[in-house]
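Novice: Structure: data.txt, compact mmCIF, C-alpha atoms.
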```
# COMPACT_ATOMS: atom_id res chain seq x y z
CA TYR R 212 -28.38 -17.14 13.86
CA MET R 213 -28.03 -19.17 10.66
CA PRO R 214 -30.31 -22.21 10.50
CA ALA R 215 -29.13 -25.25 8.58
CA GLY R 216 -28.47 -24.48 4.93
CA VAL R 217 -25.94 -22.99 2.52
CA TYR R 218 -25.19 -19.26 2.69
CA LYS R 219 -23.44 -17.91 -0.42
CA VAL R 220 -21.22 -14.88 0.10
CA LYS R 221 -18.28 -13.07 -1.51
CA PRO R 222 -16.43 -9.76 -1.08
CA GLN R 223 -18.27 -6.92 -2.84
CA GLY R 224 -16.43 -4.32 -4.91
CA ALA R 225 -13.14 -3.31 -3.31
CA ASN R 226 -14.04 -4.78 0.09
CA GLY R 227 -11.42 -6.94 1.73
CA GLU R 228 -13.96 -9.33 3.23
CA ALA R 229 -17.37 -10.89 2.58
CA LEU R 230 -18.62 -10.53 6.17
CA TRP R 231 -17.28 -7.98 8.69
CA ILE R 232 -18.16 -8.07 12.38
CA LYS R 233 -17.00 -4.74 13.81
CA LYS R 234 -19.03 -4.20 17.00
CA ASN R 235 -18.94 -5.69 20.52
CA LYS R 236 -21.06 -8.58 21.74
CA ILE R 237 -21.99 -10.11 18.38
CA VAL R 238 -22.15 -13.88 17.91
CA LEU R 239 -22.46 -15.50 14.48
CA ARG R 240 -23.94 -18.94 15.18
CA GLY R 241 -25.04 -21.80 12.96
CA ASP R 242 -26.78 -25.11 13.59
CA GLY R 243 -23.45 -26.94 13.63
CA PRO R 244 -20.62 -27.93 11.29
CA GLY R 245 -22.02 -30.13 8.56
CA LYS R 246 -25.41 -28.40 8.83
CA THR R 247 -24.80 -24.70 8.33
CA PHE R 248 -22.42 -23.88 5.47
CA ILE R 249 -20.90 -20.50 4.55
CA PHE R 250 -19.78 -20.75 0.91
CA ASN R 251 -17.44 -18.09 -0.48
CA ASP R 252 -18.26 -17.93 -4.18
CA GLU R 253 -15.04 -16.15 -5.21
CA TYR R 254 -11.52 -17.41 -5.82
CA LYS R 255 -9.82 -14.07 -6.47
CA MET R 256 -9.16 -13.48 -2.79
CA ARG R 257 -5.67 -11.95 -2.64
CA SER R 258 -5.22 -10.50 0.89
CA LYS R 259 -8.93 -10.91 1.58
CA SER R 260 -10.98 -12.82 4.16
CA VAL R 261 -14.35 -14.53 4.01
CA ILE R 262 -15.09 -13.45 7.60
CA LEU R 263 -13.32 -10.55 9.28
CA VAL R 264 -13.73 -9.81 12.98
CA ALA R 265 -12.09 -6.47 13.74
CA SER R 266 -12.74 -2.98 15.07
CA GLU R 267 -13.14 -0.13 12.61
CA ALA R 268 -9.88 1.41 13.81
CA SER R 269 -7.16 1.57 11.19
CA GLY R 270 -3.67 0.32 11.95
CA ASN R 271 -2.28 -2.33 14.27
CA TRP R 272 -0.51 -2.67 17.61
CA TYR R 273 2.43 -0.68 16.28
CA THR R 274 0.17 2.28 15.58
CA ASP R 275 0.66 4.97 18.22
CA ALA R 276 -2.81 6.11 19.29
CA GLY R 277 -1.45 8.85 21.54
CA ASP R 278 0.04 9.71 24.96
CA SER R 279 3.36 8.02 24.22
CA VAL R 280 5.78 8.08 27.16
CA ASN R 281 9.26 6.65 27.56
CA ILE R 282 10.06 3.69 29.80
CA THR R 283 12.81 5.02 32.05
CA THR R 284 14.49 1.79 33.26
CA ASP R 285 15.57 -1.34 31.43
CA LEU R 286 13.01 -4.09 32.06
CA LEU R 287 15.14 -7.23 31.98
CA LYS R 288 12.85 -9.76 33.69
CA PRO R 289 9.12 -10.52 33.68
CA THR R 290 7.41 -7.67 35.50
CA ASP R 291 4.09 -5.89 35.65
CA GLN R 292 5.69 -2.69 37.01
CA VAL R 293 6.56 -0.15 34.34
CA PRO R 294 8.39 3.07 35.31
CA VAL R 295 7.69 5.84 32.79
CA SER R 296 8.67 9.46 32.24
CA SER R 297 5.11 10.65 32.91
CA VAL R 298 1.67 9.23 33.66
CA SER R 299 -0.14 12.32 32.44
CA GLY R 300 -3.02 11.43 30.13
CA LEU R 301 -3.09 7.77 31.14
CA SER R 302 -5.84 6.23 33.25
CA VAL R 303 -6.61 2.95 35.00
CA GLY R 304 -8.38 0.70 32.52
CA ASP R 305 -6.59 2.06 29.46
CA TRP R 306 -5.32 -0.48 26.95
CA VAL R 307 -1.75 0.30 26.04
CA VAL R 308 1.19 -1.05 24.09
CA LEU R 309 4.63 -1.57 25.65
CA ARG R 310 7.23 -1.80 22.92
CA ALA R 311 10.82 -1.28 21.80
CA ASP R 312 12.46 -0.86 18.40
CA PRO R 313 14.68 -3.45 16.65
CA THR R 314 17.77 -1.24 16.69
CA GLN R 315 21.13 -2.32 15.33
CA ALA R 316 22.25 -2.89 18.93
CA PHE R 317 19.24 -5.20 19.39
CA ILE R 318 20.13 -7.10 16.20
CA ASP R 319 23.77 -7.46 17.23
CA GLU R 320 22.79 -8.60 20.72
CA HIS R 321 20.75 -11.44 19.23
CA ASN R 322 23.57 -12.52 16.88
CA MET R 323 21.41 -11.78 13.84
CA ASN R 324 23.91 -9.65 12.01
CA PRO R 325 23.76 -9.79 8.99
CA GLU R 326 20.56 -11.89 8.75
CA TRP R 327 18.26 -9.11 10.03
CA ASN R 328 20.22 -6.16 8.64
CA GLY R 329 18.23 -4.07 6.21
CA TYR R 330 14.85 -5.47 7.19
CA GLY R 331 13.86 -2.28 9.00
CA ASP R 332 11.04 -1.65 11.43
CA SER R 333 8.36 -2.56 8.88
CA LYS R 334 9.42 -6.24 8.92
CA LEU R 335 11.16 -6.82 12.25
CA ARG R 336 8.73 -4.57 14.15
CA GLY R 337 10.31 -5.28 17.51
CA VAL R 338 9.20 -6.67 20.88
CA LEU R 339 5.69 -5.59 21.94
CA PHE R 340 3.11 -6.32 24.64
CA TYR R 341 -0.58 -5.37 24.60
CA ARG R 342 -1.68 -4.74 28.16
CA GLN R 343 -4.29 -3.01 30.34
CA ILE R 344 -3.34 -0.52 33.06
CA THR R 345 -4.59 -1.73 36.46
CA THR R 346 -3.04 0.87 38.80
CA ILE R 347 -1.07 4.11 38.47
CA ASP R 348 1.46 5.42 40.97
CA SER R 349 1.46 9.10 40.06
CA THR R 350 4.04 9.95 42.73
CA ASN R 351 6.72 7.66 41.28
CA ASN R 352 5.41 7.55 37.70
CA VAL R 353 4.92 3.78 37.66
CA LEU R 354 2.24 1.88 35.75
CA THR R 355 1.01 -1.56 36.80
CA VAL R 356 -0.28 -3.67 33.92
CA ASP R 357 -2.52 -6.72 34.00
CA ALA R 358 0.15 -9.28 33.01
CA PRO R 359 3.95 -9.33 33.13
CA ILE R 360 6.01 -8.64 30.06
CA ARG R 361 7.66 -11.77 28.64
CA TYR R 362 10.87 -10.35 27.19
CA GLN R 363 13.31 -7.52 27.73
CA LEU R 364 12.45 -3.90 26.94
CA LYS R 365 15.48 -1.63 26.97
CA VAL R 366 15.83 2.15 27.13
CA ARG R 367 18.52 1.79 24.45
CA ASP R 368 15.85 0.58 22.01
CA ALA R 369 13.45 3.47 22.67
CA ALA R 370 11.31 1.41 25.06
CA ARG R 371 8.00 3.21 25.48
CA VAL R 372 4.29 2.98 26.25
CA HIS R 373 1.48 4.34 24.10
CA ARG R 374 -2.25 3.94 23.81
CA ALA R 375 -3.51 1.08 21.65
CA ILE R 376 -5.99 1.53 18.83
CA ASP R 377 -9.58 0.54 19.58
CA HIS R 378 -10.46 -3.16 19.86
CA ILE R 379 -13.80 -4.92 19.96
CA GLU R 380 -14.63 -7.70 22.41
CA GLU R 381 -17.05 -10.49 23.30
CA VAL R 382 -17.48 -11.61 19.71
CA GLY R 383 -18.08 -15.26 18.87
CA LEU R 384 -18.08 -17.44 15.77
CA GLU R 385 -19.54 -20.88 16.32
CA ASN R 386 -21.27 -23.97 14.98
CA PHE R 387 -20.86 -23.78 11.19
CA SER R 388 -18.77 -24.95 8.25
CA ILE R 389 -16.95 -22.56 5.93
CA GLY R 390 -15.36 -23.11 2.53
CA GLY R 391 -14.52 -21.42 -0.76
CA ARG R 392 -14.65 -21.91 -4.51
CA GLN R 393 -11.44 -23.32 -5.95
CA HIS R 394 -9.35 -21.44 -8.52
CA THR R 395 -9.53 -22.95 -12.00
CA GLY R 396 -6.41 -21.25 -13.37
CA SER R 397 -2.82 -22.43 -13.54
CA GLY R 398 0.34 -21.36 -11.75
CA LEU R 399 0.64 -22.79 -8.26
CA GLY R 400 4.42 -22.80 -7.93
CA GLU R 401 6.28 -21.83 -4.77
CA GLU R 402 6.93 -18.27 -5.93
CA ASP R 403 3.96 -17.84 -8.29
CA TYR R 404 2.15 -15.68 -5.75
CA LYS R 405 4.41 -12.80 -6.87
CA THR R 406 3.33 -12.90 -10.53
CA PRO R 407 0.07 -11.31 -11.73
CA GLY R 408 -1.86 -13.66 -13.97
CA LYS R 409 -0.88 -16.76 -12.02
CA ALA R 410 -3.56 -18.50 -9.99
CA ALA R 411 -1.35 -18.26 -6.90
CA TYR R 412 -1.30 -14.46 -7.24
CA ASP R 413 -5.09 -14.34 -6.90
CA MET R 414 -5.04 -16.60 -3.83
CA HIS R 415 -2.08 -15.15 -1.94
CA GLY R 416 -2.83 -14.20 1.66
CA ALA R 417 -6.49 -15.25 1.51
CA ASN R 418 -8.15 -16.35 4.77
CA LEU R 419 -11.34 -18.14 5.65
CA ILE R 420 -11.42 -16.23 8.95
CA LYS R 421 -9.32 -13.34 10.22
CA VAL R 422 -9.67 -12.00 13.76
CA ASP R 423 -7.92 -8.66 14.28
CA ARG R 424 -8.08 -5.76 16.78
CA THR R 425 -10.17 -7.97 19.07
CA ARG R 426 -10.00 -9.31 22.63
CA ASN R 427 -12.00 -11.62 24.94
CA SER R 428 -13.63 -13.50 22.07
CA TRP R 429 -13.90 -17.01 20.65
CA VAL R 430 -14.13 -19.33 17.63
CA LYS R 431 -15.83 -22.59 18.50
CA ASP R 432 -16.96 -25.64 16.50
CA VAL R 433 -16.07 -24.16 13.12
CA HIS R 434 -14.90 -26.54 10.37
CA SER R 435 -13.77 -26.02 6.81
CA TYR R 436 -15.51 -28.04 4.09
CA ARG R 437 -15.28 -28.84 0.38
CA PRO R 438 -17.97 -26.95 -1.56
CA THR R 439 -19.80 -29.13 -4.06
CA VAL R 440 -18.67 -26.93 -6.99
CA ASN R 441 -14.99 -27.75 -6.39
CA LEU R 442 -13.60 -30.31 -8.79
CA GLY R 443 -10.57 -30.87 -6.57
CA ASP R 444 -10.63 -31.89 -2.93
CA PHE R 445 -10.07 -28.35 -1.67
CA HIS R 446 -11.71 -26.49 1.20
CA SER R 447 -10.21 -23.03 0.65
CA VAL R 448 -7.80 -21.21 -1.64
CA SER R 449 -5.17 -20.59 1.05
CA ASN R 450 -5.30 -19.93 4.81
CA GLY R 451 -7.72 -21.06 7.49
CA LEU R 452 -7.85 -19.00 10.69
CA ILE R 453 -5.63 -15.97 11.38
CA LEU R 454 -5.42 -14.41 14.85
CA ALA R 455 -3.73 -11.05 14.26
CA ALA R 456 -3.69 -8.18 16.82
CA VAL R 457 -5.76 -10.07 19.39
CA ARG R 458 -5.60 -11.02 23.04
CA PHE R 459 -7.62 -13.56 25.03
CA VAL R 460 -9.17 -15.32 22.03
CA THR R 461 -10.10 -18.97 22.55
CA VAL R 462 -10.31 -21.37 19.60
CA SER R 463 -11.86 -24.74 20.41
CA ASN R 464 -13.08 -27.82 18.56
CA CYS R 465 -12.20 -26.44 15.14
CA ASP R 466 -11.00 -28.30 12.06
CA PHE R 467 -9.36 -26.65 9.03
CA GLN R 468 -7.86 -28.48 6.09
CA LYS R 469 -7.00 -28.89 2.41
CA PRO R 470 -6.06 -25.44 1.07
CA GLN R 471 -5.57 -25.27 -2.70
CA TYR R 472 -2.41 -23.14 -2.60
CA ARG R 473 0.41 -24.08 -0.23
CA GLY R 474 3.19 -22.02 -1.77
CA GLY R 475 5.59 -19.43 -0.40
CA GLY R 476 4.76 -16.09 1.18
CA GLY R 477 2.70 -17.51 4.04
CA ASN R 478 0.05 -19.56 2.24
CA GLY R 479 -1.66 -22.79 3.22
CA TYR R 480 -1.50 -22.13 6.99
CA MET R 481 -4.47 -23.42 8.96
CA TYR R 482 -3.94 -21.65 12.31
CA ARG R 483 -1.62 -18.63 12.37
CA LEU R 484 -1.15 -16.70 15.59
CA PHE R 485 0.23 -13.17 15.79
CA GLY R 486 -1.63 -12.39 19.05
CA GLN R 487 -1.05 -12.78 22.77
CA GLU R 488 -2.52 -14.93 25.54
CA CYS R 489 -4.70 -16.93 23.15
CA LEU R 490 -5.72 -20.57 23.60
CA VAL R 491 -6.15 -23.05 20.75
CA MET R 492 -7.52 -26.33 22.07
CA HIS R 493 -8.97 -29.61 20.79
CA SER R 494 -8.54 -28.44 17.19
CA ALA R 495 -7.05 -30.03 14.08
CA SER R 496 -5.24 -29.22 10.86
CA HIS R 497 -5.04 -31.60 7.90
CA TYR R 498 -3.14 -31.55 4.59
CA SER R 499 -1.74 -28.04 4.83
CA ARG R 500 1.65 -26.37 4.47
CA HIS R 501 1.71 -25.63 8.19
CA GLY R 502 -0.85 -26.52 10.81
CA PHE R 503 -0.10 -24.21 13.75
CA VAL R 504 2.16 -21.19 13.31
CA PHE R 505 3.49 -18.51 15.65
CA SER R 506 4.48 -15.33 13.75
CA ASN R 507 6.36 -12.12 14.59
CA MET R 508 8.19 -10.93 17.72
CA HIS R 509 4.99 -9.73 19.38
CA CYS R 510 3.46 -13.23 19.40
CA SER R 511 3.67 -14.42 23.03
CA GLY R 512 1.79 -16.15 25.80
CA ASN R 513 -0.20 -18.41 23.49
CA VAL R 514 -1.07 -22.05 24.23
CA ILE R 515 -1.75 -24.94 21.86
CA LEU R 516 -3.53 -27.65 23.88
CA ARG R 517 -4.36 -31.16 22.68
CA CYS R 518 -4.39 -30.29 18.98
CA LEU R 519 -3.61 -32.40 15.92
CA SER R 520 -1.45 -31.47 12.95
CA HIS R 521 -2.05 -34.25 10.40
CA CYS R 522 -0.11 -34.28 7.12
CA SER R 523 0.89 -30.70 7.86
CA GLY R 524 4.15 -29.05 8.83
CA PHE R 525 3.99 -27.85 12.45
```
Please rewrite the model in this file as structure tokens.

Specialist:
Amino acid sequence: YMPAGVYKVKPQGANGEALWIKKNKIVLRGDGPGKTFIFNDEYKMRSKSVILVASEASGNWYTDAGDSVNITTDLLKPTDQVPVSSVSGLSVGDWVVLRADPTQAFIDEHNMNPEWNGYGDSKLRGVLFYRQITTIDSTNNVLTVDAPIRYQLKVRDAARVHRAIDHIEEVGLENFSIGGRQHTGSGLGEEDYKTPGKAAYDMHGANLIKVDRTRNSWVKDVHSYRPTVNLGDFHSVSNGLILAAVRFVTVSNCDFQKPQYRGGGGNGYMYRLFGQECLVMHSASHYSRHGFVFSNMHCSGNVILRCLSHCSGF
């Protein structure tokens, strides 16, 4: 609990965040936006976050945590029934990943030749679903998962199931304002984020809040704000809220705005969703490059409800 006041933080040493919540059932709560302020006193934030919510597990949904088995039949329609080569080592309640590779046949099928050629797995990644096993038919080697898949998974593309890395859950961020010190250097061009020494390089990929490797959690009544030390009307150096490898995260009554850098490479986004089955409701973005963004093939099942994108690309 953070009573009304200003709380000054910044990433220490080589840390990628100022505050890291990495255990279940933790709520960071203030007295309300406009009363409790988290101030990030650092503008060199390349690929860093002010607040990170994530398990201690390394990797992402594409990381194979073990017990990988092949899917034995093309899944061409939404289904929660997954026939596999073996159910050995898997149990009811396990969190698993259902995925397929972006093969050349997949690229050709989607008429993205030559646009996607040469990107490789590291960029295209492929179709993926993060699910929980609810029942196992060990006689027929069929898994039932807690929600249907939303797109095709084909044997041709090495469709498979494997355990997911550890996630945390029941974490909440609520009732505070958050902002960061502006950069005083020069170099805010569209491609300046690629050049060391430019201000944009220091700010590239910075987030006020990043939620990763998390499920069943929430961000509620959190607003960005302009710290009093900022000469310009800026709330942060780049991005607002990022939902990465997450499922069942609810964002409500939030307001993020006025990033300093809105250049290329994914900067100046206020709400960016990579996760699945998340709900963003009654929230707003102002004066940003993009307000609400869906990213990557594995982003699915998300809902934006009664939100405002004001002076922002949507």

Novice: Point out the residue among R:Lys365, R:Arg517, R:Arg458, R:His321 with the least atom-to-atom distance to Trp272 of chain R, counting all atoms listed in the file.

Specialist: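 Nearest to Trp272 of chain R: R:Arg458.
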
Novice: Quick check, in Å to one decimal: how far apart do atom CA of Ala495 of chain R and atom CA of Ile453 of chain R lie?

Specialist: 14.4 Å

Novice: For Asp242 of chain R, which of R:Lys334, R:Glu385, R:Phe340, R:Pro214 is the closest residue, counting all atoms listed in the file?

Specialist: R:Pro214

Novice: So how far away is atom CA of Ala456 of chain R from atom CA of Gly331 of chain R, in Å?

Specialist: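 Straight-line distance from atom CA of Gly331 of chain R to atom CA of Ala456 of chain R works out to 20.1 Å.
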
Novice: Would you please work out which residue, of R:Val372, R:Ile420, R:Val462, R:Cys522, is nearest to Val295 of chain R when using all atoms listed in the file?

Specialist: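 Nearest to Val295 of chain R: R:Val372.
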
Novice: Select, from R:Cys510, R:Leu516, R:Met256, R:Leu454, the residue with the minimum atom-to-atom distance to Ile360 of chain R, counting all atoms listed in the file.

Specialist: R:Cys510

Novice: Work out how far atom CA of Asp432 of chain R is from atom CA of Gly245 of chain R, in Å to one decimal.

Specialist: 10.4 Å

Novice: Do a neighbour search on Thr345 of chain R at 9 Å with all atoms listed in the file, toss out local chain neighbours closer than 4 positions, and write the hits as a list in words.

Specialist: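 Skipping anything fewer than 4 positions along the chain leaves Ser302, Val303, Gly304, Asp305, Leu354, Thr355, Val356 and Asp357 of chain R.
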
Novice: When distances are computed from all atoms listed in the file, which of R:Ala276, R:Val430, R:Met213, R:Val220 shows the smallest separation from Gly383 of chain R?

Specialist: R:Val430

Novice: Pick the closest to Asp403 of chain R from R:Asp332, R:Thr461, R:Gly475, R:Val433: which is it, counting all atoms listed in the file?

Specialist: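 For Asp403 of chain R, the nearest of the given residues is R:Gly475.
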
Novice: Take the point (-12.9, -5.3, 14.8) in the file's coordinates, draw a sphere of radius 7 Å around it, and report as a ChimeraX atom specification every protein, DNA or RNA residue with an atom inside or on it, counting all atoms listed in the file.

Specialist: /R:232-234,264-267,378-379,423-425

Novice: Can you list, as a list in words, every protein, DNA or RNA residue that comes within 7 Å of Tyr480 of chain R when you count all atoms listed in the file, leaving out same-chain residues fewer than 3 positions away?

Specialist: Asn450, Gly451, Gly477, Arg483, Ser499, Arg500, His501 and Gly502 of chain R

Novice: Next, dump the selected residues to file, keeping only C-alpha atoms, as a PDB file, in the coordinates of the input.

Specialist:
```pdb
ATOM      1  CA  ASN R 450      -5.300 -19.930   4.810  1.00  0.00           C
ATOM      2  CA  GLY R 451      -7.720 -21.060   7.490  1.00  0.00           C
ATOM      3  CA  GLY R 477       2.700 -17.510   4.040  1.00  0.00           C
ATOM      4  CA  ARG R 483      -1.620 -18.630  12.370  1.00  0.00           C
ATOM      5  CA  SER R 499      -1.740 -28.040   4.830  1.00  0.00           C
ATOM      6  CA  ARG R 500       1.650 -26.370   4.470  1.00  0.00           C
ATOM      7  CA  HIS R 501       1.710 -25.630   8.190  1.00  0.00           C
ATOM      8  CA  GLY R 502      -0.850 -26.520  10.810  1.00  0.00           C
TER       9      GLY R 502
END
```
